[in-house]
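K.L.:
Got a structure for you, coords.txt, holding compact mmCIF, C-alpha atoms and all ligand atoms.
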# COMPACT_ATOMS: atom_id res chain seq x y z
CA MET K 7 0.00 0.00 0.00
CA SER K 8 1.35 3.47 -0.88
CA GLU K 9 -0.14 6.90 -0.42
CA ILE K 10 1.23 9.89 -2.30
CA THR K 11 0.01 13.47 -2.03
CA VAL K 12 -0.27 15.80 -4.99
CA GLY K 13 0.61 19.01 -3.17
CA LEU K 14 -1.52 21.82 -4.52
CA GLY K 15 -2.39 23.74 -1.36
CA ALA K 16 -6.13 23.69 -0.67
CA ARG K 17 -6.60 21.50 -3.77
CA SER K 18 -4.10 18.82 -2.65
CA TYR K 19 -5.30 15.24 -3.02
CA PRO K 20 -4.19 11.68 -2.28
CA ILE K 21 -3.20 8.94 -4.69
CA ILE K 22 -3.88 5.67 -2.91
CA ILE K 23 -2.33 2.52 -4.38
CA ARG K 24 -3.64 -0.67 -2.77
CA SER K 25 -4.40 -4.17 -4.10
CA GLY K 26 -8.13 -4.85 -3.83
CA ILE K 27 -9.11 -1.20 -3.26
CA LEU K 28 -11.70 -1.44 -6.05
CA GLU K 29 -13.98 -3.37 -3.69
CA ASN K 30 -13.63 -0.61 -1.10
CA ILE K 31 -14.05 2.56 -3.16
CA GLY K 32 -17.44 3.10 -1.54
CA ALA K 33 -15.86 3.18 1.94
CA GLU K 34 -13.04 5.49 0.73
CA LEU K 35 -15.53 7.97 -0.74
CA LYS K 36 -17.88 7.84 2.23
CA LYS K 37 -14.98 8.55 4.61
CA ARG K 38 -13.95 11.54 2.51
CA LYS K 39 -17.51 12.93 2.05
CA ILE K 40 -16.79 14.07 -1.50
CA ALA K 41 -20.34 14.14 -2.88
CA LYS K 42 -23.84 13.00 -2.02
CA ARG K 43 -24.47 11.03 -5.24
CA TYR K 44 -22.09 9.70 -7.90
CA ALA K 45 -22.17 9.26 -11.68
CA VAL K 46 -19.66 6.57 -12.64
CA ILE K 47 -18.45 7.37 -16.17
CA SER K 48 -16.87 4.41 -17.88
CA ASP K 49 -16.45 2.78 -21.27
CA ASP K 50 -18.52 -0.28 -22.21
CA ARG K 51 -15.61 -2.75 -21.77
CA VAL K 52 -14.57 -1.59 -18.30
CA ALA K 53 -18.22 -1.40 -17.24
CA GLN K 54 -18.70 -5.01 -18.30
CA LEU K 55 -15.53 -6.24 -16.56
CA PHE K 56 -15.61 -4.30 -13.29
CA GLY K 57 -18.81 -2.20 -13.22
CA LYS K 58 -20.60 -4.52 -10.80
CA THR K 59 -17.69 -4.60 -8.34
CA LEU K 60 -17.54 -0.81 -8.17
CA MET K 61 -21.30 -0.25 -8.07
CA ASP K 62 -21.72 -2.90 -5.33
CA SER K 63 -19.03 -1.21 -3.28
CA LEU K 64 -20.85 2.16 -3.52
CA ASP K 65 -24.16 0.48 -2.77
CA ARG K 66 -22.81 -1.26 0.35
CA GLU K 67 -21.98 2.16 1.81
CA GLY K 68 -25.41 3.52 0.94
CA LEU K 69 -24.00 5.87 -1.72
CA ASP K 70 -26.56 6.57 -4.41
CA SER K 71 -24.95 6.12 -7.85
CA GLU K 72 -25.54 5.55 -11.57
CA LEU K 73 -23.27 3.91 -14.12
CA ILE K 74 -23.15 5.86 -17.40
CA THR K 75 -21.16 4.37 -20.28
CA PHE K 76 -19.82 5.36 -23.69
CA ALA K 77 -18.32 3.18 -26.44
CA HIS K 78 -14.63 2.40 -25.76
CA GLY K 79 -11.77 3.74 -27.86
CA GLU K 80 -9.87 6.94 -28.66
CA ALA K 81 -12.20 7.57 -31.63
CA ASN K 82 -14.93 8.36 -29.07
CA LYS K 83 -12.82 10.78 -27.05
CA ASN K 84 -14.62 13.72 -28.63
CA LEU K 85 -17.12 16.50 -28.02
CA ALA K 86 -20.07 14.36 -29.15
CA THR K 87 -19.38 11.94 -26.29
CA VAL K 88 -19.04 14.83 -23.83
CA GLY K 89 -22.42 16.18 -25.02
CA ALA K 90 -24.10 12.80 -24.69
CA LEU K 91 -22.72 12.28 -21.18
CA ALA K 92 -23.75 15.78 -20.05
CA SER K 93 -27.27 15.14 -21.36
CA ALA K 94 -27.38 11.82 -19.51
CA LEU K 95 -26.33 13.58 -16.27
CA ALA K 96 -28.99 16.27 -16.72
CA SER K 97 -31.76 13.81 -17.56
CA LYS K 98 -30.90 11.74 -14.48
CA GLY K 99 -31.10 14.84 -12.31
CA PHE K 100 -27.45 15.18 -11.25
CA ASP K 101 -26.87 18.51 -9.49
CA ARG K 102 -23.96 20.61 -8.22
CA LYS K 103 -23.51 18.62 -5.00
CA ASP K 104 -23.10 15.37 -6.92
CA GLY K 105 -19.80 13.93 -8.11
CA ILE K 106 -18.30 12.07 -11.06
CA ILE K 107 -16.09 8.98 -10.90
CA GLY K 108 -13.85 8.52 -13.95
CA PHE K 109 -13.58 4.74 -14.16
CA GLY K 110 -11.37 3.14 -16.81
CA GLY K 111 -8.35 3.94 -18.94
CA GLY K 112 -7.05 7.33 -19.97
CA VAL K 113 -9.88 7.82 -22.43
CA ALA K 114 -12.56 7.42 -19.73
CA GLY K 115 -10.57 9.55 -17.26
CA ASP K 116 -9.90 12.38 -19.72
CA ILE K 117 -13.55 12.49 -20.82
CA ALA K 118 -15.03 12.12 -17.32
CA GLY K 119 -12.69 14.81 -15.98
CA PHE K 120 -13.65 17.23 -18.72
CA VAL K 121 -17.35 16.56 -18.14
CA ALA K 122 -16.77 17.13 -14.39
CA SER K 123 -14.97 20.42 -15.12
CA SER K 124 -17.85 21.76 -17.20
CA TYR K 125 -21.11 20.13 -16.05
CA MET K 126 -22.98 22.85 -14.13
CA ARG K 127 -19.63 24.74 -14.34
CA GLY K 128 -17.86 22.11 -12.29
CA VAL K 129 -18.72 19.21 -9.98
CA GLU K 130 -16.47 17.06 -7.75
CA PHE K 131 -14.42 14.37 -9.44
CA VAL K 132 -12.41 11.27 -8.52
CA GLN K 133 -10.33 8.91 -10.63
CA VAL K 134 -10.40 5.11 -10.50
CA PRO K 135 -7.92 4.18 -13.27
CA THR K 136 -7.92 0.64 -14.68
CA THR K 137 -5.15 0.63 -17.33
CA LEU K 138 -1.45 0.82 -16.48
CA LEU K 139 -1.24 4.03 -18.49
CA ALA K 140 -4.05 5.60 -16.49
CA GLN K 141 -2.59 4.39 -13.17
CA VAL K 142 0.88 5.84 -13.81
CA ASP K 143 -0.05 8.96 -15.74
CA SER K 144 -3.47 10.13 -16.92
CA SER K 145 -5.35 9.90 -13.60
CA VAL K 146 -2.83 12.21 -11.91
CA GLY K 147 -2.29 15.90 -12.57
CA GLY K 148 -5.63 17.21 -13.77
CA LYS K 149 -5.21 17.33 -17.55
CA THR K 150 -8.66 16.52 -18.95
CA GLY K 151 -10.06 16.88 -22.43
CA VAL K 152 -10.93 15.48 -25.81
CA ASP K 153 -9.67 15.38 -29.40
CA ILE K 154 -10.99 17.42 -32.33
CA PRO K 155 -10.28 16.71 -36.02
CA GLU K 156 -7.43 19.24 -35.96
CA GLY K 157 -5.52 17.38 -33.25
CA LYS K 158 -5.17 15.54 -29.92
CA ASN K 159 -6.51 16.94 -26.65
CA LEU K 160 -7.14 20.35 -28.22
CA VAL K 161 -10.25 21.03 -26.10
CA GLY K 162 -10.03 20.52 -22.36
CA ALA K 163 -9.33 21.96 -18.95
CA PHE K 164 -6.94 21.61 -16.04
CA TYR K 165 -9.24 20.14 -13.41
CA GLN K 166 -7.82 18.23 -10.47
CA PRO K 167 -9.59 15.22 -8.95
CA LYS K 168 -10.30 14.97 -5.21
CA GLY K 169 -8.56 11.58 -5.08
CA VAL K 170 -7.04 8.80 -7.20
CA PHE K 171 -7.67 5.18 -6.18
CA ILE K 172 -5.42 2.58 -7.83
CA ASP K 173 -5.91 -1.19 -7.73
CA SER K 174 -3.14 -2.96 -9.67
CA LEU K 175 -5.11 -6.27 -9.53
CA VAL K 176 -7.35 -5.04 -12.36
CA LEU K 177 -4.35 -5.05 -14.71
CA LYS K 178 -4.60 -8.85 -15.02
CA THR K 179 -7.26 -8.55 -17.73
CA LEU K 180 -5.46 -5.84 -19.71
CA PRO K 181 -4.70 -6.79 -23.34
CA GLU K 182 -0.94 -7.02 -24.04
CA GLN K 183 -0.85 -3.97 -26.34
CA GLU K 184 -2.51 -1.84 -23.66
CA LEU K 185 0.00 -3.02 -21.05
CA LEU K 186 2.83 -2.09 -23.44
CA GLY K 187 1.29 1.34 -24.05
CA GLY K 188 1.39 1.97 -20.30
CA LEU K 189 4.98 0.78 -20.12
CA ALA K 190 6.01 3.42 -22.66
CA GLU K 191 4.83 6.15 -20.26
CA VAL K 192 6.56 4.29 -17.39
CA ILE K 193 9.89 4.34 -19.27
CA LYS K 194 9.26 8.03 -20.02
CA TYR K 195 9.58 8.84 -16.29
CA GLY K 196 12.96 7.14 -16.09
CA VAL K 197 14.29 9.05 -19.09
CA ILE K 198 13.04 12.48 -17.99
CA ARG K 199 13.74 12.37 -14.26
CA ASP K 200 15.25 9.23 -12.76
CA ARG K 201 18.20 7.27 -14.13
CA GLU K 202 18.05 4.78 -11.23
CA PHE K 203 14.40 4.03 -12.01
CA PHE K 204 15.31 3.59 -15.69
CA ASP K 205 17.93 0.99 -14.67
CA PHE K 206 15.34 -0.71 -12.41
CA LEU K 207 12.99 -0.98 -15.40
CA VAL K 208 15.73 -2.46 -17.56
CA HIS K 209 16.73 -5.01 -14.91
CA ASN K 210 13.18 -6.04 -13.91
CA ARG K 211 11.66 -6.35 -17.38
CA GLU K 212 10.50 -9.96 -17.02
CA ARG K 213 8.91 -9.40 -13.62
CA ILE K 214 7.14 -6.28 -14.87
CA LEU K 215 5.81 -8.02 -17.97
CA GLN K 216 4.49 -10.78 -15.69
CA LEU K 217 2.84 -8.16 -13.44
CA ASP K 218 4.77 -9.28 -10.36
CA PRO K 219 2.78 -7.54 -7.56
CA ALA K 220 5.71 -6.11 -5.58
CA VAL K 221 7.52 -4.81 -8.65
CA MET K 222 4.31 -3.35 -10.07
CA GLU K 223 3.51 -1.52 -6.85
CA LYS K 224 6.99 0.03 -6.78
CA THR K 225 6.71 0.92 -10.47
CA ILE K 226 3.30 2.57 -10.19
CA ALA K 227 4.24 4.40 -6.99
CA THR K 228 7.51 5.72 -8.46
CA CYS K 229 5.74 7.06 -11.56
CA CYS K 230 2.99 8.69 -9.47
CA LEU K 231 5.59 10.24 -7.17
CA ILE K 232 7.51 11.76 -10.08
CA LYS K 233 4.31 13.04 -11.69
CA ALA K 234 3.00 14.44 -8.38
CA ASP K 235 6.29 16.32 -7.84
CA VAL K 236 6.29 17.84 -11.32
CA VAL K 237 2.60 18.82 -11.16
CA ALA K 238 3.00 20.36 -7.70
CA GLU K 239 5.83 22.50 -9.09
CA ASP K 240 4.06 23.59 -12.28
CA GLU K 241 0.38 22.65 -12.41
CA ARG K 242 -0.51 24.41 -15.67
CA GLU K 243 2.56 23.53 -17.75
CA GLY K 244 4.12 26.96 -17.80
CA ASP K 245 7.57 25.46 -17.50
CA VAL K 246 8.87 22.21 -15.94
CA ARG K 247 5.65 20.22 -16.57
CA ARG K 248 6.56 20.23 -20.26
CA ILE K 249 9.00 17.38 -19.52
CA LEU K 250 5.99 15.04 -19.08
CA ASN K 251 5.40 15.66 -22.77
CA TYR K 252 8.65 13.90 -23.78
CA GLY K 253 7.85 11.77 -26.84
CA HIS K 254 4.42 13.36 -27.23
CA THR K 255 5.14 16.02 -29.88
CA ILE K 256 5.95 13.45 -32.54
CA GLY K 257 3.83 10.83 -30.68
CA HIS K 258 0.59 12.82 -30.89
CA ALA K 259 1.31 13.63 -34.55
CA VAL K 260 1.81 9.92 -35.26
CA GLU K 261 -1.47 9.12 -33.46
CA GLY K 262 -3.34 11.70 -35.53
CA ALA K 263 -1.72 10.70 -38.83
CA SER K 264 -2.66 7.07 -38.16
CA ASN K 265 -6.24 8.17 -37.56
CA TYR K 266 -5.80 6.86 -33.99
CA THR K 267 -5.21 3.29 -35.13
CA ILE K 268 -1.87 3.50 -33.28
CA ILE K 269 -2.75 3.72 -29.58
CA HIS K 270 -1.38 6.56 -27.45
CA GLY K 271 1.30 4.67 -25.52
CA LEU K 272 2.75 3.02 -28.62
CA ALA K 273 2.78 6.36 -30.47
CA VAL K 274 4.59 7.89 -27.46
CA SER K 275 7.19 5.11 -27.67
CA ILE K 276 7.80 6.01 -31.33
CA GLY K 277 7.97 9.68 -30.30
CA MET K 278 10.44 9.01 -27.47
CA ALA K 279 12.79 7.10 -29.77
CA ALA K 280 12.51 9.89 -32.37
CA ALA K 281 13.18 12.61 -29.77
CA ALA K 282 16.23 10.68 -28.49
CA ARG K 283 17.57 10.45 -32.07
CA LEU K 284 16.84 14.16 -32.58
CA ALA K 285 18.70 15.02 -29.35
CA CYS K 286 21.70 13.01 -30.52
CA LEU K 287 21.59 14.61 -33.97
CA LYS K 288 21.65 18.03 -32.30
CA GLY K 289 24.61 16.96 -30.18
CA VAL K 290 22.86 17.29 -26.81
CA LEU K 291 22.58 13.54 -26.01
CA PRO K 292 25.50 11.10 -26.11
CA GLU K 293 25.10 8.20 -28.55
CA GLY K 294 25.41 5.68 -25.71
CA ASP K 295 22.37 7.12 -23.90
CA ARG K 296 20.39 7.32 -27.15
CA ASP K 297 21.10 3.65 -27.77
CA ARG K 298 20.13 2.68 -24.21
CA ILE K 299 16.78 4.51 -24.52
CA VAL K 300 15.94 2.93 -27.88
CA ARG K 301 17.12 -0.51 -26.70
CA ALA K 302 15.03 -0.35 -23.51
CA LEU K 303 11.90 0.41 -25.54
CA ASP K 304 12.76 -2.24 -28.09
CA ASP K 305 13.46 -4.91 -25.45
CA TYR K 306 10.00 -4.33 -23.95
CA GLY K 307 8.53 -4.96 -27.42
CA LEU K 308 7.67 -1.30 -27.99
CA PRO K 309 7.87 0.34 -31.46
CA THR K 310 10.82 2.66 -32.07
CA SER K 311 10.33 3.85 -35.64
CA VAL K 312 7.61 5.62 -37.57
CA PRO K 313 5.67 3.05 -39.66
CA ALA K 314 6.57 3.37 -43.36
CA GLU K 315 2.93 3.69 -44.43
CA LEU K 316 2.30 6.89 -42.45
CA ASP K 317 2.21 10.10 -44.47
CA ARG K 318 5.23 12.20 -43.32
CA SER K 319 3.68 15.49 -44.49
CA LEU K 320 0.55 14.78 -42.45
CA ILE K 321 2.70 14.07 -39.37
CA LYS K 322 4.46 17.40 -39.92
CA LYS K 323 1.08 19.17 -40.23
CA TYR K 324 -0.04 17.71 -36.89
CA LEU K 325 3.25 18.82 -35.25
CA LEU K 326 2.08 22.42 -35.69
CA THR K 327 -1.00 21.86 -33.49
CA ASP K 328 1.12 20.72 -30.52
CA LYS K 329 0.29 22.73 -27.41
CA LYS K 330 3.96 23.54 -26.87
CA VAL K 331 4.05 25.57 -30.11
CA VAL K 332 4.93 29.20 -29.35
CA GLY K 333 4.96 31.80 -32.12
CA GLY K 334 4.71 29.05 -34.72
CA LYS K 335 7.81 27.24 -33.36
CA VAL K 336 7.43 23.64 -32.22
CA HIS K 337 9.20 23.01 -28.89
CA TYR K 338 10.66 19.54 -28.38
CA VAL K 339 11.52 17.84 -25.10
CA LEU K 340 14.98 16.42 -25.71
CA PRO K 341 16.87 14.12 -23.33
CA THR K 342 20.38 15.33 -22.52
CA ALA K 343 21.15 12.20 -20.46
CA ILE K 344 19.04 9.42 -19.00
CA GLY K 345 17.31 11.35 -16.21
CA ASP K 346 17.56 14.86 -17.67
CA THR K 347 16.06 16.93 -20.48
CA VAL K 348 16.16 20.27 -22.23
CA ILE K 349 13.37 22.01 -24.19
CA SER K 350 14.42 23.21 -27.62
CA ALA K 351 12.75 24.92 -30.56
CA ASP K 352 16.03 25.03 -32.44
CA VAL K 353 15.18 22.13 -34.74
CA THR K 354 15.27 22.22 -38.55
CA GLU K 355 12.80 20.59 -40.92
CA GLN K 356 15.69 18.53 -42.28
CA GLN K 357 16.39 17.14 -38.80
CA ILE K 358 12.72 16.22 -38.41
CA ASP K 359 12.78 14.49 -41.79
CA ILE K 360 15.80 12.46 -40.67
CA VAL K 361 14.19 11.25 -37.43
CA LEU K 362 10.85 10.49 -39.07
CA GLY K 363 12.77 8.26 -41.48
N1 LIG O 401 -4.62 13.34 -18.87
C1 LIG O 401 -3.36 12.92 -18.96
O1 LIG O 401 -2.46 13.42 -18.27
C2 LIG O 401 -3.04 11.80 -19.90
C3 LIG O 401 -1.82 11.12 -19.77
C4 LIG O 401 -1.54 10.07 -20.63
C5 LIG O 401 -2.49 9.69 -21.57
N2 LIG O 401 -3.67 10.35 -21.66
C6 LIG O 401 -4.71 9.92 -22.60
O2 LIG O 401 -5.09 8.60 -22.22
C7 LIG O 401 -5.62 7.94 -23.37
C8 LIG O 401 -5.05 6.54 -23.45
O3 LIG O 401 -5.46 5.83 -22.31
P1 LIG O 401 -5.35 4.24 -22.24
O4 LIG O 401 -4.08 3.82 -22.85
O5 LIG O 401 -5.66 3.88 -20.86
O6 LIG O 401 -6.48 3.78 -23.24
P2 LIG O 401 -8.06 3.47 -23.09
O7 LIG O 401 -8.67 4.30 -22.05
O8 LIG O 401 -8.62 3.54 -24.46
O9 LIG O 401 -8.06 1.96 -22.59
C9 LIG O 401 -7.57 0.97 -23.45
C10 LIG O 401 -8.55 -0.20 -23.61
O10 LIG O 401 -8.44 -1.05 -22.47
C11 LIG O 401 -9.73 -1.34 -21.94
N3 LIG O 401 -9.52 -1.55 -20.51
C12 LIG O 401 -9.36 -0.61 -19.55
N4 LIG O 401 -9.04 -1.20 -18.38
C13 LIG O 401 -9.01 -2.53 -18.60
C14 LIG O 401 -8.71 -3.65 -17.80
N5 LIG O 401 -8.32 -3.51 -16.53
N6 LIG O 401 -8.80 -4.88 -18.36
C15 LIG O 401 -9.13 -5.02 -19.67
N7 LIG O 401 -9.39 -4.01 -20.49
C16 LIG O 401 -9.33 -2.76 -19.96
C17 LIG O 401 -10.58 -0.17 -22.32
O11 LIG O 401 -11.93 -0.52 -22.38
C18 LIG O 401 -10.02 0.20 -23.71
O12 LIG O 401 -10.63 -0.60 -24.69
C19 LIG O 401 -5.27 8.79 -24.57
O13 LIG O 401 -6.43 9.47 -24.98
C20 LIG O 401 -4.25 9.77 -24.02
O14 LIG O 401 -4.28 10.98 -24.72
C21 LIG O 401 -3.96 11.40 -20.84
O1 LIG O 402 0.40 15.33 -17.60
C1 LIG O 402 1.07 15.86 -18.48
O2 LIG O 402 1.44 17.03 -18.42
C2 LIG O 402 1.43 15.09 -19.69
O3 LIG O 402 1.92 15.66 -20.66
C3 LIG O 402 1.19 13.61 -19.68
C4 LIG O 402 1.06 13.00 -21.05
O4 LIG O 402 1.43 11.62 -20.90
C5 LIG O 402 -0.36 13.00 -21.59
O5 LIG O 402 -0.46 12.20 -22.74
C6 LIG O 402 -1.01 14.34 -21.80
O6 LIG O 402 -2.40 14.19 -22.01
C7 LIG O 402 -0.49 15.08 -22.99
O7 LIG O 402 -0.91 16.38 -22.87
P1 LIG O 402 -1.00 17.44 -24.03
O8 LIG O 402 -1.07 18.71 -23.27
O9 LIG O 402 0.23 17.33 -24.87
O10 LIG O 402 -2.22 17.13 -24.81
ZN ZN O 403 0.86 10.44 -22.66
How does the structure come out when it is put into structure tokens?

P.N.:
Amino acid sequence: MSEITVGLGARSYPIIIRSGILENIGAELKKRKIAKRYAVISDDRVAQLFGKTLMDSLDREGLDSELITFAHGEANKNLATVGALASALASKGFDRKDGIIGFGGGVAGDIAGFVASSYMRGVEFVQVPTTLLAQVDSSVGGKTGVDIPEGKNLVGAFYQPKGVFIDSLVLKTLPEQELLGGLAEVIKYGVIRDREFFDFLVHNRERILQLDPAVMEKTIATCCLIKADVVAEDEREGDVRRILNYGHTIGHAVEGASNYTIIHGLAVSIGMAAAARLACLKGVLPEGDRDRIVRALDDYGLPTSVPAELDRSLIKKYLLTDKKVVGGKVHYVLPTAIGDTVISADVTEQQIDIVLG
């Protein structure tokens, strides 16, 4: 069991990591008196797998609640889904004293958080993440939102939850590709902030891939701790929080150019390898560290090059809608060593062409 605090003054909140906590979410929420009634927002797959466990736990504590679902998948992380969910909340009579539980992967959490930030101009929100990616990254830090045709996450809000409740036992049913996607974000933390953690990930690969409970708890807790630290320092990504976007500039563009057939975590892996190559090309990252980053991703079975069939000019078009663009200049998060980064806009189109391959 680990408990980590995201330190944001009066808006601070706990991340509680405990095997089996899913069956006790009702008790956790009752103790914390977050809302009087809850809307559990989840995708159809998660609802089918774990909906009953969560709803029973709320019911046992006498907490009135409704499960509201949307069709799974990034293609549904859009404004139409937000509209449908808001209408469902209104028609079921949810009011300002009620709360929303984001239950599922990053797609469910990002959508539920955005609905919570805007329904009746804001209602209370908690996160119960069920993918590795959501447990180590998306449920923490308050970035919520949806995609529009012009690009990823272009409409959203910073809106912090009141708590994050993580049960690593639910990862047992996760499809392999989804586990790998989460591992890409896990490796990201090692590269941007913690060389020792990167080495731990390299040395414990087999145990991680087998979801060894002790190793998973350490892994999830370390990622949450790094993210909590960064978010506490720079909640709205004015400065240091940009490091969490390592691999995402090219990664998001690859996701968009693939019409979201490449899932987020795998696109981020491609983006991290590309950014490491770019850093080396610019002379800010030694070749040895570049090779270790690419090899670590590769050894986990993650992709490290841009698929040949993707349209390079479309990728470059999507790069321009990155939220780190300032004055038309794309800013890249470049590793300078394993554990450290620099942000640079001093990148030529020719260098981008080289790393896109
Ligand atoms: N807000 C943030 O800070 C942040 C951070 C990282 C990623 N994201 C976003 O998160 C999204 C990706 O999230 P994701 O990778 O979790 O994908 P996802 O939410 O689409 O979940 C992947 C699939 O796994 C299923 N699933 C979820 N939990 C399961 C379980 N325990 N067992 C079996 N199946 C399960 C889901 O139904 C879905 O089909 C992207 O939209 C990305 O932009 C946001
Ligand atoms: O929390 C953050 O900050 C991140 O950048 C985490 C990323 O893993 C995540 O994918 C995030 O949603 C990307 O944000 P965006 O601002 O580039 O859309
Ligand atoms: Zn991400």

K.L.:
Using all atoms listed in the file, find the one residue out of K:Val290, K:Ile154, K:Leu326, K:Leu362 that sits nearest to Thr347 (chain K).

P.N.:
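Distance minimum relative to Thr347 (chain K) lands on K:Val290.
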
K.L.:
Please identify every polymer residue within 8 Å of ligand ZN 403 (chain O), using only C-alpha atoms and all ligand atoms, and present the set as a PyMOL selection string.

P.N.:
chain K and resi 139+143-144+191+250-251+254+270-271+274

K.L.:
Can you work out which one of K:Pro313, K:Gly15, K:Gly147, K:Pro155 has the shortest atom-to-atom distance to ligand LIG 402 (chain O), counting all atoms listed in the file?

P.N.:
K:Gly147

K.L.:
Given the choices K:Glu202, K:Asp49, K:Asp101, K:Asp70, which gets closest to Gly115 (chain K) if the distance is worked out from all atoms listed in the file?

P.N.:
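Using all atoms listed in the file, the shortest distance to Gly115 (chain K) belongs to K:Asp49.
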
K.L.:
Residues at most 9 Å from Ile256 (chain K), counting only C-alpha atoms, excluding those fewer than 5 positions away in the same chain, as a ChimeraX atom specification?

P.N.:
/K:261,273-274,276-278,280-281,321-322,324-325,328,338,362

K.L.:
Tell me which of K:Gln166, K:Leu272, K:Phe76, K:Glu130 sits closest to Val237 (chain K), counting all atoms listed in the file.

P.N.:
K:Gln166

K.L.:
Under the rule that all atoms listed in the file are counted, which of K:Gly99, K:Gly334, K:Gly68, K:Gly244 is the nearest residue to ligand LIG 402 (chain O)?

P.N.:
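Checking each of K:Gly99, K:Gly334, K:Gly68, K:Gly244 against ligand LIG 402 (chain O), counting all atoms listed in the file, the winner is K:Gly244.
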
K.L.:
Please provide as an MDAnalysis selection string all residues within 10 Å of Asp205 (chain K), with the sequence filter that same-chain residues fewer than 4 positions apart are discarded (counting only C-alpha atoms).

P.N.:
chainID K and resid 193 196:197 200:201 209:210 298 302 344

K.L.:
Go through K:Ile106, K:Ala259, K:Ala45, K:Ala114 one by one, measure the shortest atom-to-atom distance of each to ligand LIG 401 (chain O) using all atoms listed in the file, and give the residue with the smallest value.

P.N.:
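Checking each of K:Ile106, K:Ala259, K:Ala45, K:Ala114 against ligand LIG 401 (chain O), counting all atoms listed in the file, the winner is K:Ala114.
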
K.L.:
Give one line per residue of chain K that approaches ligand LIG 402 (chain O) to at most 10 Å, naming the two atoms of the closest pair and their distance in Å to one decimal, counting all atoms listed in the file; sort by chain then ascending residue number and deliver it as a Markdown table.

P.N.:
| residue | atom | partner | partner_atom | distance |
| --- | --- | --- | --- | --- |
| K:Gly112 | CA | O:LIG402 | O6 | 8.5 |
| K:Val113 | CA | O:LIG402 | O6 | 9.8 |
| K:Asp116 | CA | O:LIG402 | O6 | 8.0 |
| K:Leu139 | CA | O:LIG402 | O4 | 8.4 |
| K:Ala140 | CA | O:LIG402 | O4 | 9.3 |
| K:Val142 | CA | O:LIG402 | O4 | 9.2 |
| K:Asp143 | CA | O:LIG402 | O4 | 6.0 |
| K:Ser144 | CA | O:LIG402 | C5 | 6.3 |
| K:Ser145 | CA | O:LIG402 | O1 | 8.9 |
| K:Val146 | CA | O:LIG402 | O1 | 7.2 |
| K:Gly147 | CA | O:LIG402 | O1 | 5.7 |
| K:Gly148 | CA | O:LIG402 | O1 | 7.4 |
| K:Lys149 | CA | O:LIG402 | O1 | 6.0 |
| K:Thr150 | CA | O:LIG402 | O6 | 7.3 |
| K:Gly151 | CA | O:LIG402 | O6 | 8.1 |
| K:Val152 | CA | O:LIG402 | O10 | 8.9 |
| K:Asp153 | CA | O:LIG402 | O10 | 8.9 |
| K:Gly157 | CA | O:LIG402 | O10 | 9.1 |
| K:Lys158 | CA | O:LIG402 | O10 | 6.1 |
| K:Asn159 | CA | O:LIG402 | O10 | 4.7 |
| K:Leu160 | CA | O:LIG402 | O10 | 6.8 |
| K:Val161 | CA | O:LIG402 | O10 | 9.0 |
| K:Gly162 | CA | O:LIG402 | O10 | 8.9 |
| K:Ala163 | CA | O:LIG402 | O8 | 9.9 |
| K:Phe164 | CA | O:LIG402 | O8 | 9.8 |
| K:Gly188 | CA | O:LIG402 | O4 | 9.7 |
| K:Ala190 | CA | O:LIG402 | O4 | 9.6 |
| K:Glu191 | CA | O:LIG402 | O4 | 6.5 |
| K:Val192 | CA | O:LIG402 | O4 | 9.6 |
| K:Lys194 | CA | O:LIG402 | O4 | 8.7 |
| K:Tyr195 | CA | O:LIG402 | O4 | 9.8 |
| K:Lys233 | CA | O:LIG402 | O1 | 7.4 |
| K:Ala234 | CA | O:LIG402 | O1 | 9.6 |
| K:Val236 | CA | O:LIG402 | O2 | 8.6 |
| K:Val237 | CA | O:LIG402 | O2 | 7.6 |
| K:Asp240 | CA | O:LIG402 | O2 | 9.4 |
| K:Glu241 | CA | O:LIG402 | O2 | 8.3 |
| K:Arg242 | CA | O:LIG402 | O2 | 8.1 |
| K:Glu243 | CA | O:LIG402 | O2 | 6.6 |
| K:Val246 | CA | O:LIG402 | O2 | 9.4 |
| K:Arg247 | CA | O:LIG402 | O2 | 5.6 |
| K:Arg248 | CA | O:LIG402 | O2 | 6.3 |
| K:Ile249 | CA | O:LIG402 | O3 | 7.4 |
| K:Leu250 | CA | O:LIG402 | O3 | 4.4 |
| K:Asn251 | CA | O:LIG402 | O3 | 4.1 |
| K:Tyr252 | CA | O:LIG402 | O3 | 7.6 |
| K:Gly253 | CA | O:LIG402 | O4 | 8.7 |
| K:His254 | CA | O:LIG402 | O9 | 6.2 |
| K:Thr255 | CA | O:LIG402 | O9 | 7.1 |
| K:Gly257 | CA | O:LIG402 | O5 | 9.1 |
| K:His258 | CA | O:LIG402 | O9 | 7.5 |
| K:His270 | CA | O:LIG402 | O5 | 7.4 |
| K:Gly271 | CA | O:LIG402 | O5 | 8.2 |
| K:Val274 | CA | O:LIG402 | O5 | 8.1 |
| K:Thr327 | CA | O:LIG402 | O9 | 9.8 |
| K:Asp328 | CA | O:LIG402 | O9 | 6.6 |
| K:Lys329 | CA | O:LIG402 | O8 | 5.9 |
| K:Lys330 | CA | O:LIG402 | O9 | 7.5 |

K.L.:
For atom N3 of ligand LIG 401 (chain O) and CA of Thr179 (chain K), determine how far apart the two atoms are, in Å to one decimal place.

P.N.:
7.9 Å

K.L.:
With a distance cut-off of 10 Å and only C-alpha atoms, select the neighbouring residues of Asn265 (chain K), excluding the residue or stretch itself and same-chain residues fewer than 3 positions from it, and output the selection as a list of chain:residue names.

P.N.:
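Skipping anything fewer than 3 positions along the chain leaves K:Glu80, K:Ala81, K:Pro155, K:Ala259, K:Val260, K:Glu261, K:Gly262, K:Ile268, K:Ile269, K:Leu316.
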